Structures are given as structure tokens and as C-alpha cells.
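The file model_10.cif comes next; it holds mmCIF, C-alpha atoms.
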data_coords
loop_
_atom_site.label_atom_id
_atom_site.label_comp_id
_atom_site.auth_asym_id
_atom_site.auth_seq_id
_atom_site.Cartn_x
_atom_site.Cartn_y
_atom_site.Cartn_z
CA MET W 1 -29.34 -3.62 63.45
CA ASP W 2 -32.00 -5.67 61.68
CA ARG W 3 -30.80 -6.06 58.09
CA ARG W 4 -34.33 -5.29 56.87
CA THR W 5 -34.25 -1.68 58.03
CA SER W 6 -32.18 -0.82 54.97
CA GLU W 7 -34.24 -2.87 52.51
CA LYS W 8 -37.63 -2.40 50.88
CA THR W 9 -39.40 -4.67 53.34
CA LEU W 10 -43.16 -5.12 53.03
CA LEU W 11 -45.40 -5.76 56.03
CA VAL W 12 -48.10 -8.16 54.83
CA PHE W 13 -51.19 -9.16 56.77
CA ASN W 14 -51.83 -12.84 56.12
CA CYS W 15 -55.21 -13.42 54.52
CA HIS W 16 -54.94 -16.45 52.26
CA GLU W 17 -51.64 -18.28 51.88
CA ALA W 18 -52.10 -19.01 48.18
CA TRP W 19 -52.48 -15.30 47.43
CA VAL W 20 -49.76 -14.09 49.81
CA TYR W 21 -47.34 -16.65 48.35
CA GLN W 22 -47.46 -14.72 45.05
CA LEU W 23 -45.75 -11.78 46.75
CA GLY W 24 -42.58 -13.83 46.76
CA THR W 25 -42.30 -13.03 43.04
CA LEU W 26 -41.79 -9.33 43.85
CA GLY W 27 -38.23 -9.92 45.02
CA LEU W 28 -38.71 -7.89 48.21
CA PRO W 29 -38.33 -9.02 51.84
CA LEU W 30 -41.68 -9.86 53.44
CA ASP W 31 -42.75 -9.67 57.08
CA ILE W 32 -45.97 -11.71 57.17
CA VAL W 33 -48.27 -11.08 60.12
CA VAL W 34 -49.68 -14.25 61.72
CA GLY W 35 -51.76 -14.88 64.83
CA LEU W 36 -54.63 -12.76 63.52
CA ASP W 37 -58.23 -13.14 64.69
CA GLY W 38 -60.68 -14.97 62.45
CA ARG W 39 -58.11 -17.28 60.87
CA HIS W 40 -58.53 -21.07 60.87
CA THR W 41 -54.91 -21.49 61.89
CA GLU W 42 -52.63 -19.60 64.26
CA GLY W 43 -49.61 -19.45 62.00
CA TRP W 44 -48.81 -20.00 58.33
CA ASP W 45 -50.86 -22.83 56.79
CA LEU W 46 -48.31 -25.15 55.19
CA GLN W 47 -51.13 -27.28 53.83
CA MET W 48 -51.77 -24.50 51.33
CA ARG W 49 -48.31 -23.16 50.49
CA PRO W 50 -44.73 -23.22 51.72
CA LEU W 51 -43.47 -19.97 53.16
CA PRO W 52 -41.94 -17.73 50.44
CA THR W 53 -38.15 -17.87 50.56
CA ASN W 54 -37.87 -14.12 51.11
CA ALA W 55 -40.37 -14.08 54.00
CA ARG W 56 -40.41 -14.38 57.75
CA LEU W 57 -43.39 -14.68 60.10
CA ILE W 58 -44.01 -11.97 62.66
CA ARG W 59 -46.59 -11.13 65.31
CA LEU W 60 -48.43 -7.84 64.89
CA ASP W 61 -47.16 -6.47 68.22
CA ASP W 62 -43.58 -7.11 67.13
CA ALA W 63 -44.16 -5.47 63.76
CA LEU W 64 -45.71 -2.41 65.37
CA ALA W 65 -42.79 -2.15 67.80
CA HIS W 66 -40.44 -1.25 64.93
CA PRO W 67 -39.49 2.42 64.51
CA ASN W 68 -42.07 4.48 62.64
CA PRO W 69 -41.63 4.56 59.67
CA TYR W 70 -39.92 1.23 59.04
CA TYR W 71 -41.69 -0.61 56.22
CA TYR W 72 -41.61 0.27 52.52
CA CYS W 73 -45.36 -0.42 52.32
CA ILE W 74 -48.01 -2.20 54.41
CA ILE W 75 -50.26 -4.66 52.54
CA THR W 76 -53.75 -4.99 54.04
CA HIS W 77 -56.91 -6.86 53.04
CA ASN W 78 -59.79 -5.36 55.01
CA VAL W 79 -60.89 -2.57 57.32
CA ALA W 80 -59.76 -4.50 60.40
CA ASP W 81 -56.20 -4.60 59.03
CA LEU W 82 -56.28 -0.87 58.30
CA MET W 83 -57.40 -0.12 61.84
CA GLN W 84 -54.58 -2.23 63.28
CA ILE W 85 -52.03 0.09 61.63
CA LYS W 86 -53.82 3.39 62.17
CA HIS W 87 -50.88 4.74 64.21
CA ARG W 88 -48.30 3.87 61.56
CA SER W 89 -47.06 6.39 59.02
CA GLU W 90 -45.96 4.00 56.25
CA PRO W 91 -47.76 3.81 52.89
CA ARG W 92 -50.70 1.42 52.98
CA LEU W 93 -52.14 -0.68 50.19
CA LEU W 94 -55.55 -2.33 50.47
CA VAL W 95 -56.08 -5.46 48.35
CA ILE W 96 -59.72 -6.08 47.40
CA HIS W 97 -60.40 -9.83 47.26
CA SER W 98 -64.21 -9.96 47.22
CA THR W 99 -67.25 -8.15 45.89
CA ILE W 100 -69.23 -6.00 48.28
CA GLU W 101 -72.31 -8.10 47.58
CA GLY W 102 -70.51 -11.36 48.27
CA ARG W 103 -68.93 -9.95 51.42
CA ARG W 104 -72.29 -8.80 52.79
CA LEU W 105 -73.86 -12.16 52.05
CA GLU W 106 -71.07 -14.17 53.61
CA GLU W 107 -70.92 -11.98 56.73
CA ARG W 108 -74.69 -11.40 56.86
CA SER W 109 -74.02 -7.67 57.05
CA GLN W 110 -76.90 -5.19 57.16
CA VAL W 111 -74.74 -2.23 56.10
CA GLU W 112 -75.83 -0.79 52.76
CA PRO W 113 -73.31 -1.26 49.93
CA GLU W 114 -73.07 2.43 49.10
CA ARG W 115 -72.27 3.26 52.70
CA MET W 116 -69.51 0.64 52.70
CA ARG W 117 -68.05 2.07 49.49
CA GLN W 118 -68.12 5.66 50.70
CA THR W 119 -66.70 4.85 54.12
CA LEU W 120 -63.76 2.96 52.66
CA ARG W 121 -63.02 5.55 49.97
CA THR W 122 -63.19 8.40 52.48
CA TYR W 123 -60.83 6.66 54.87
CA LEU W 124 -58.29 5.77 52.20
CA THR W 125 -58.36 9.36 50.95
CA LEU W 126 -57.82 10.74 54.45
CA VAL W 127 -54.83 8.52 55.20
CA GLY W 128 -53.36 8.54 51.70
CA GLY W 129 -54.02 4.85 51.12
CA HIS W 130 -54.43 3.09 47.80
CA ALA W 131 -56.64 0.17 46.73
CA VAL W 132 -55.86 -2.54 44.19
CA ALA W 133 -58.37 -5.23 43.20
CA VAL W 134 -57.62 -8.81 42.20
CA SER W 135 -60.18 -8.60 39.38
CA ALA W 136 -62.22 -6.06 37.44
CA LEU W 137 -65.48 -7.36 38.94
CA LYS W 138 -64.27 -6.85 42.48
CA GLY W 139 -62.81 -3.45 41.69
CA ARG W 140 -66.11 -2.27 40.17
CA SER W 141 -68.06 -3.59 43.12
CA TRP W 142 -66.17 -1.34 45.54
CA GLY W 143 -65.76 1.57 43.15
CA PHE W 144 -62.00 1.15 42.68
CA THR W 145 -61.48 0.43 39.00
CA GLU W 146 -58.19 2.16 38.24
CA ASP W 147 -55.85 -0.56 39.53
CA ILE W 148 -56.31 -4.29 38.86
CA ALA W 149 -53.66 -6.95 39.57
CA PRO W 150 -54.92 -10.44 38.66
CA PHE W 151 -53.54 -13.64 40.18
CA CYS W 152 -50.49 -15.35 38.73
CA ALA W 153 -49.23 -18.90 38.33
CA ASP W 154 -45.80 -20.15 37.34
CA LEU W 155 -46.42 -23.09 35.03
CA ARG W 156 -43.03 -24.51 36.01
CA ASP W 157 -44.38 -25.15 39.52
CA TYR W 158 -46.80 -27.81 38.30
CA ARG W 159 -46.43 -31.41 37.21
CA SER W 160 -47.25 -32.59 33.70
CA TYR W 161 -50.97 -33.34 33.50
CA THR W 162 -51.99 -36.96 32.98
CA GLY W 163 -55.69 -37.00 33.90
CA ASP W 164 -55.37 -40.70 34.63
CA TRP W 165 -57.93 -40.64 37.43
CA PRO W 166 -61.50 -40.45 35.98
CA CYS W 167 -62.77 -38.09 38.65
CA GLY W 168 -63.55 -34.38 38.85
CA LEU W 169 -61.86 -32.07 41.36
CA ARG W 170 -62.97 -28.96 43.21
CA ILE W 171 -61.04 -27.01 45.85
CA CYS W 172 -63.13 -24.85 48.19
CA ASN W 173 -62.86 -23.64 51.76
CA PHE W 174 -65.87 -23.04 54.03
CA ILE W 175 -68.44 -24.04 51.45
CA SER W 176 -71.39 -23.86 53.85
CA SER W 177 -71.03 -20.10 54.37
CA ARG W 178 -70.58 -19.48 50.63
CA ARG W 179 -73.25 -21.70 49.05
CA ASN W 180 -75.00 -18.84 47.26
CA ILE W 181 -71.76 -17.28 46.07
CA LEU W 182 -70.53 -20.60 44.69
CA MET W 183 -73.93 -21.63 43.27
CA TRP W 184 -73.59 -24.81 45.28
CA ASP W 185 -77.10 -26.06 44.55
CA PHE W 186 -76.25 -25.86 40.84
CA HIS W 187 -72.94 -27.63 41.48
CA GLU W 188 -74.73 -30.49 43.25
CA GLN W 189 -77.30 -30.82 40.46
CA ALA W 190 -74.74 -30.67 37.66
CA PHE W 191 -72.40 -33.28 39.10
CA ALA W 192 -74.91 -35.59 40.76
CA GLY W 193 -73.97 -39.22 40.30
CA LEU W 194 -70.45 -38.41 39.12
CA PRO W 195 -67.15 -38.98 40.91
CA VAL W 196 -65.99 -35.58 42.22
CA LYS W 197 -63.36 -35.04 44.90
CA LEU W 198 -63.81 -32.01 47.18
CA VAL W 199 -60.72 -30.60 48.86
CA GLY W 200 -60.42 -27.80 51.42
CA HIS W 201 -61.06 -26.63 54.97
CA ASN W 202 -64.68 -27.63 55.54
CA PRO W 203 -65.00 -28.97 59.10
CA ASP W 204 -68.77 -29.47 58.76
CA LEU W 205 -68.50 -31.68 55.65
CA PRO W 206 -67.66 -35.31 56.48
CA GLY W 207 -64.75 -36.71 54.52
CA VAL W 208 -63.71 -33.37 53.04
CA ARG W 209 -60.30 -32.14 54.12
CA ALA W 210 -57.43 -30.00 52.94
CA THR W 211 -54.38 -31.48 51.28
CA GLU W 212 -51.36 -32.29 53.43
CA ASP W 213 -49.27 -29.76 51.53
CA TRP W 214 -48.88 -28.06 48.16
CA GLU W 215 -47.16 -31.09 46.68
CA GLN W 216 -50.23 -33.24 47.33
CA LEU W 217 -52.40 -30.56 45.75
CA LYS W 218 -50.18 -30.59 42.66
CA ALA W 219 -50.57 -34.36 42.50
CA TYR W 220 -54.37 -33.98 42.54
CA LEU W 221 -54.20 -31.39 39.76
CA GLN W 222 -51.99 -33.70 37.73
CA SER W 223 -54.10 -36.83 38.06
CA HIS W 224 -57.78 -35.79 38.14
CA ARG W 225 -59.69 -35.57 34.86
CA PHE W 226 -61.23 -32.08 35.12
CA TYR W 227 -61.64 -29.13 37.47
CA ILE W 228 -64.92 -27.49 38.53
CA HIS W 229 -65.69 -23.84 39.24
CA THR W 230 -69.21 -22.44 39.57
CA ALA W 231 -70.04 -18.95 40.83
CA ASP W 232 -72.85 -16.40 40.77
CA PRO W 233 -71.75 -13.77 38.21
CA SER W 234 -73.05 -10.96 40.43
CA LEU W 235 -71.11 -12.14 43.49
CA GLU W 236 -67.90 -13.81 42.35
CA ASP W 237 -65.57 -14.13 39.37
CA GLY W 238 -65.77 -16.92 36.83
CA TYR W 239 -62.46 -18.22 38.20
CA ASN W 240 -60.49 -18.20 41.44
CA MET W 241 -56.93 -19.05 42.39
CA ALA W 242 -57.64 -22.78 42.38
CA THR W 243 -59.14 -22.53 38.88
CA MET W 244 -56.08 -20.66 37.69
CA GLU W 245 -53.83 -23.32 39.22
CA ALA W 246 -55.82 -26.08 37.55
CA MET W 247 -55.42 -24.35 34.19
CA ALA W 248 -51.70 -23.85 34.80
CA ALA W 249 -51.43 -27.58 35.55
CA GLY W 250 -53.16 -28.42 32.27
CA MET W 251 -56.65 -29.38 33.44
CA PRO W 252 -59.85 -28.68 31.47
CA ILE W 253 -62.40 -26.59 33.40
CA LEU W 254 -66.14 -27.12 33.79
CA GLY W 255 -68.56 -24.53 35.15
CA ASN W 256 -71.51 -22.23 34.57
CA LYS W 257 -71.50 -19.48 31.95
CA HIS W 258 -69.85 -16.39 33.35
CA PRO W 259 -68.73 -13.13 31.68
CA SER W 260 -65.33 -13.22 33.39
CA SER W 261 -64.60 -16.92 32.88
CA PRO W 262 -61.24 -17.52 31.17
CA VAL W 263 -62.63 -20.77 29.75
CA GLU W 264 -63.34 -20.96 26.02
CA HIS W 265 -66.32 -23.28 25.68
CA GLY W 266 -65.48 -26.42 23.76
CA VAL W 267 -61.79 -25.52 23.64
CA SER W 268 -60.36 -25.32 27.18
CA GLY W 269 -63.41 -26.74 28.94
CA PHE W 270 -67.19 -26.66 28.97
CA LEU W 271 -69.60 -24.01 30.28
CA SER W 272 -73.36 -24.35 30.67
CA ASP W 273 -76.18 -22.96 32.81
CA ASP W 274 -78.11 -26.20 32.32
CA PRO W 275 -77.05 -28.69 35.03
CA GLN W 276 -78.04 -31.69 32.91
CA GLU W 277 -76.01 -30.42 29.97
CA LEU W 278 -72.99 -29.79 32.19
CA ASN W 279 -73.39 -33.28 33.61
CA ALA W 280 -73.25 -34.67 30.08
CA TYR W 281 -70.09 -32.67 29.33
CA ALA W 282 -68.50 -34.05 32.49
CA ARG W 283 -69.36 -37.59 31.45
CA THR W 284 -67.77 -36.95 28.06
CA LEU W 285 -64.49 -35.98 29.71
CA LEU W 286 -64.64 -38.90 32.12
CA GLU W 287 -64.94 -41.22 29.12
CA ASP W 288 -62.40 -39.48 26.88
CA ARG W 289 -59.03 -38.81 28.48
CA ASP W 290 -57.48 -37.71 25.18
CA LEU W 291 -60.08 -34.95 24.86
CA ALA W 292 -59.33 -33.86 28.43
CA VAL W 293 -55.62 -33.68 27.60
CA ARG W 294 -56.24 -31.51 24.51
CA MET W 295 -58.57 -29.17 26.38
CA GLY W 296 -56.14 -28.99 29.28
CA GLN W 297 -53.37 -27.91 26.92
CA ALA W 298 -55.59 -25.06 25.71
CA ALA W 299 -56.36 -24.11 29.31
CA GLN W 300 -52.65 -24.07 30.10
CA SER W 301 -51.96 -21.76 27.16
CA CYS W 302 -54.66 -19.42 28.47
CA ALA W 303 -53.09 -19.43 31.94
CA ARG W 304 -49.73 -18.57 30.42
CA ARG W 305 -51.24 -15.54 28.66
CA GLN W 306 -53.67 -14.23 31.27
CA PHE W 307 -52.02 -15.12 34.60
CA SER W 308 -48.30 -14.66 34.03
CA VAL W 309 -45.90 -14.14 36.91
CA GLU W 310 -44.26 -11.18 35.19
CA GLY W 311 -47.64 -9.53 34.60
CA PHE W 312 -48.53 -9.81 38.28
CA ARG W 313 -45.10 -8.66 39.41
CA GLN W 314 -45.13 -5.53 37.26
CA LYS W 315 -48.69 -4.57 38.19
CA PHE W 316 -48.30 -5.12 41.91
CA LEU W 317 -44.97 -3.30 42.13
CA ARG W 318 -46.68 -0.41 40.38
CA SER W 319 -49.52 -0.55 42.92
CA ILE W 320 -47.00 -0.27 45.74
CA GLU W 321 -45.40 2.79 44.14
CA VAL W 322 -48.82 4.42 43.68
CA ALA W 323 -49.52 3.80 47.37
CA ARG W 324 -46.20 5.41 48.27
CA ALA W 325 -46.91 8.41 46.06
CA LYS W 326 -50.35 8.93 47.61
CA SER W 327 -48.89 8.60 51.09
CA SER W 328 -46.20 11.19 50.42
CA THR W 329 -48.76 13.81 49.38
CA CYS W 330 -51.20 13.11 52.21
CA THR W 331 -51.44 15.85 54.83
CA ALA W 332 -54.05 14.23 57.09
CA PRO W 333 -52.82 12.27 60.12
CA ALA W 334 -52.54 8.52 59.58
CA THR W 335 -54.39 8.03 62.87
CA MET W 336 -57.67 9.34 61.43
CA PRO W 337 -60.44 7.08 62.83
CA LEU W 338 -62.65 4.99 60.55
#
Once more with this new file: its structure as C-alpha cells, please.
Amino acid sequence: MDRRTSEKTLLVFNCHEAWVYQLGTLGLPLDIVVGLDGRHTEGWDLQMRPLPTNARLIRLDDALAHPNPYYYCIITHNVADLMQIKHRSEPRLLVIHSTIEGRRLEERSQVEPERMRQTLRTYLTLVGGHAVAVSALKGRSWGFTEDIAPFCADLRDYRSYTGDWPCGLRICNFISSRRNILMWDFHEQAFAGLPVKLVGHNPDLPGVRATEDWEQLKAYLQSHRFYIHTADPSLEDGYNMATMEAMAAGMPILGNKHPSSPVEHGVSGFLSDDPQELNAYARTLLEDRDLAVRMGQAAQSCARRQFSVEGFRQKFLRSIEVARAKSSTCTAPATMPL
């Protein structure tokens, strides 16, 4: 008998290795589904994260071949994932990673936002599913505000910041399809003429590539002078996982003003909606490593408070239990079509 049948095993659709890696902090066995359509890689992307120690990779067909029920909870990230498990009876948890507005823009969808909200809420109600958002902005966008589980970072994972390399850093995947979301025109104006290293999966951008592995990424976070995050406040948060990592590593952050930014202007970084002003702030940090170190220490303290591992673990375990409670009281068939 598979040892996992007697444990609280989670079935997790792979969406973004950096986010899924956090689930290793839950202390539960993980079956991570790979080989999904629409992914840039067939399996687990080791350039982004190592596989969590309590995880194994599995194909969807093999996961669905298990007895029903089998899993403690199924973690999904979109409607397509939900439809793949429509014949399963286990509790299901939908993780909201994007705003409706940003999703529509990126996918060039013509479906009205309210229709998207109502369709998803109706389906989750019918099948006894539960939704948790990674931020308040994204929860509000979809109309699910009662459960928020922000990202986490373990500061012990990162090297001591030096900032020896006078160069900015930004980590982004598929920039071309997200230019409006990321305010890329503003980014280009603000950092014109300055040394900035771009990292990520961007096959259409010459010279821009992902790191070889997480260790190389940590080395970049340790050595570069500052980190950049810009985003449209109506479409995306004032931080993402890479921003959180940079703060955890002790880097100061530069970006546009944003209501959800964790950056305290002049303390843990600089924020401005004026590209010329932001350019001047960047030049200040390039010229003053000691200032970058002090600001990075403040950013690290913020990461410790706002993005703790224990905070994520407690909130996400609670989300799983809410999903299980909703599933146990649901009388509609789990095979209800969307």
C-alpha cells in the first residue's frame, strides 16, 4: 500500500515553483502535478526552486487513478485545474494569484469581470470549494475577501547582503505579455542609462535568461545594489514573490508609489511616480553602498514581520481546514459542470 494513503497528502497543481515551494513549510506530504498544458517546462523547473523535501512529482492521470477519495485536499489555481478534478470528491482549495483585471488583460479575455466573478463563486458554492487569495488586492478583485494568505520567506535561506555590485536587479517572467501590468514603459524611463540586470524566462528578450538554479538567484540578491518592482496599482500588488525575496535577502527596493507596497519610502527603499526622480534615487544607491546596506536591513526587518513562514503556515493550514469543512457540508455532486 502507498504510505501516503494514511497521511494528510495534498494534491497540488503546479503553477509557479516559487509559490508551490512554500507548501513545504506545511509539513504535509505533497503530490505535485506536472506535465500540465500552458507551462514553459514539462516537469518541475529547478531553475526556480528545488523540489520540496516532502514532495514527489506525479502526472495528473496517475493522481486521478487513486481511489476516490484519497487526498486530504486538492490545491488548484484556476478554472482549468478545477475542471480537471470535477469527478473527484476530495475538498478543493482555489488559490487566487492574480486580479481579474490583470488576468483579462494578460489573456486578452472579452468576458466581463462580473460574469467571471459570479461564475467562479457559483461553481465553488456548488462543489463546496473554498478560495484563498495571496493578497487583499487579489481577493477583492474576485470578491473573495475572507481568506488571505500572503507569501512567506525564510530569512535563513538567503546569504548576507553585500551589495558589492553597483547594478540594479529585476526578476520577471514573460514581460512582453505583462507590460501594462508591470508598468514597463515607466520602468524603462525610470532606469534609462543605468545598469540593471533582468532575470527570468523571456525568450523574446535577447540576453535575458533565468538563473541556473536558486543558489545563483540568491547570489544575485546578495551582490546587486537594489531591487526593482513597478506595477499598476489597479492590476497588481506593490510587491511580488521576487520583491519579498529581495527584502528577505536585505536589498533596498525601488518602485512606483503603490498602496500595497511594503516599502517605507526613504527607509527601506525609494518610491516615486516621477521616472526622473526614481532615476535619481537609483543613482544615489549606486553611489552609496552604505546607504543601500542600511535600507536593506530595514527591508529585511519588514520581511521578517510581514512575510513570516509561521504566518503563512498557520493561515494556509487554516484555509485547508475551511475547504474541508465546506466540502463536508456540500450536498451537490462534485461533478457539477462549470
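Counting all atoms listed in the file and comparing W:His224, W:Asn180, W:Leu105, W:Arg92, the residue that lies closest to W:Thr125 is W:Arg92.
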- Item | Nearest candidate to W:Gln314 (options W:Ile85, W:Ile181, W:Arg121, W:Ile148; using all atoms listed in the file) |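 Smallest distance to W:Gln314 is found for W:Ile148.
Distances from W:Glu264, W:Glu212, W:Glu101, W:Asp237 to W:Pro150 were compared using all atoms listed in the file, and the smallest one belongs to W:Asp237.
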- Task: Identify which of the residues W:Asn78, W:Phe151, W:Lys86, W:Ser141 lies closest to W:Val20, counting only C-alpha atoms when measuring atom-to-atom distances.
- Result: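 Of all the options, W:Phe151 lies closest to W:Val20.
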- Item | Neighbour list for W:Leu182 as a count of residues only, cut-off 12 Å, only C-alpha atoms, skip fewer than 4 positions in-chain | 30
- Message: Given all atoms listed in the file as the basis, pick out the residue of W:Asp274, W:Arg179, W:Leu286, W:His201 nearest to W:Phe226.
- Response: W:Leu286
- Query: Neighbours of W:Leu169 within 8 Å (only C-alpha atoms; same-chain residues fewer than 6 positions away dropped), as a ChimeraX atom specification?
  - Reply: /W:196-199,220-221,224-228
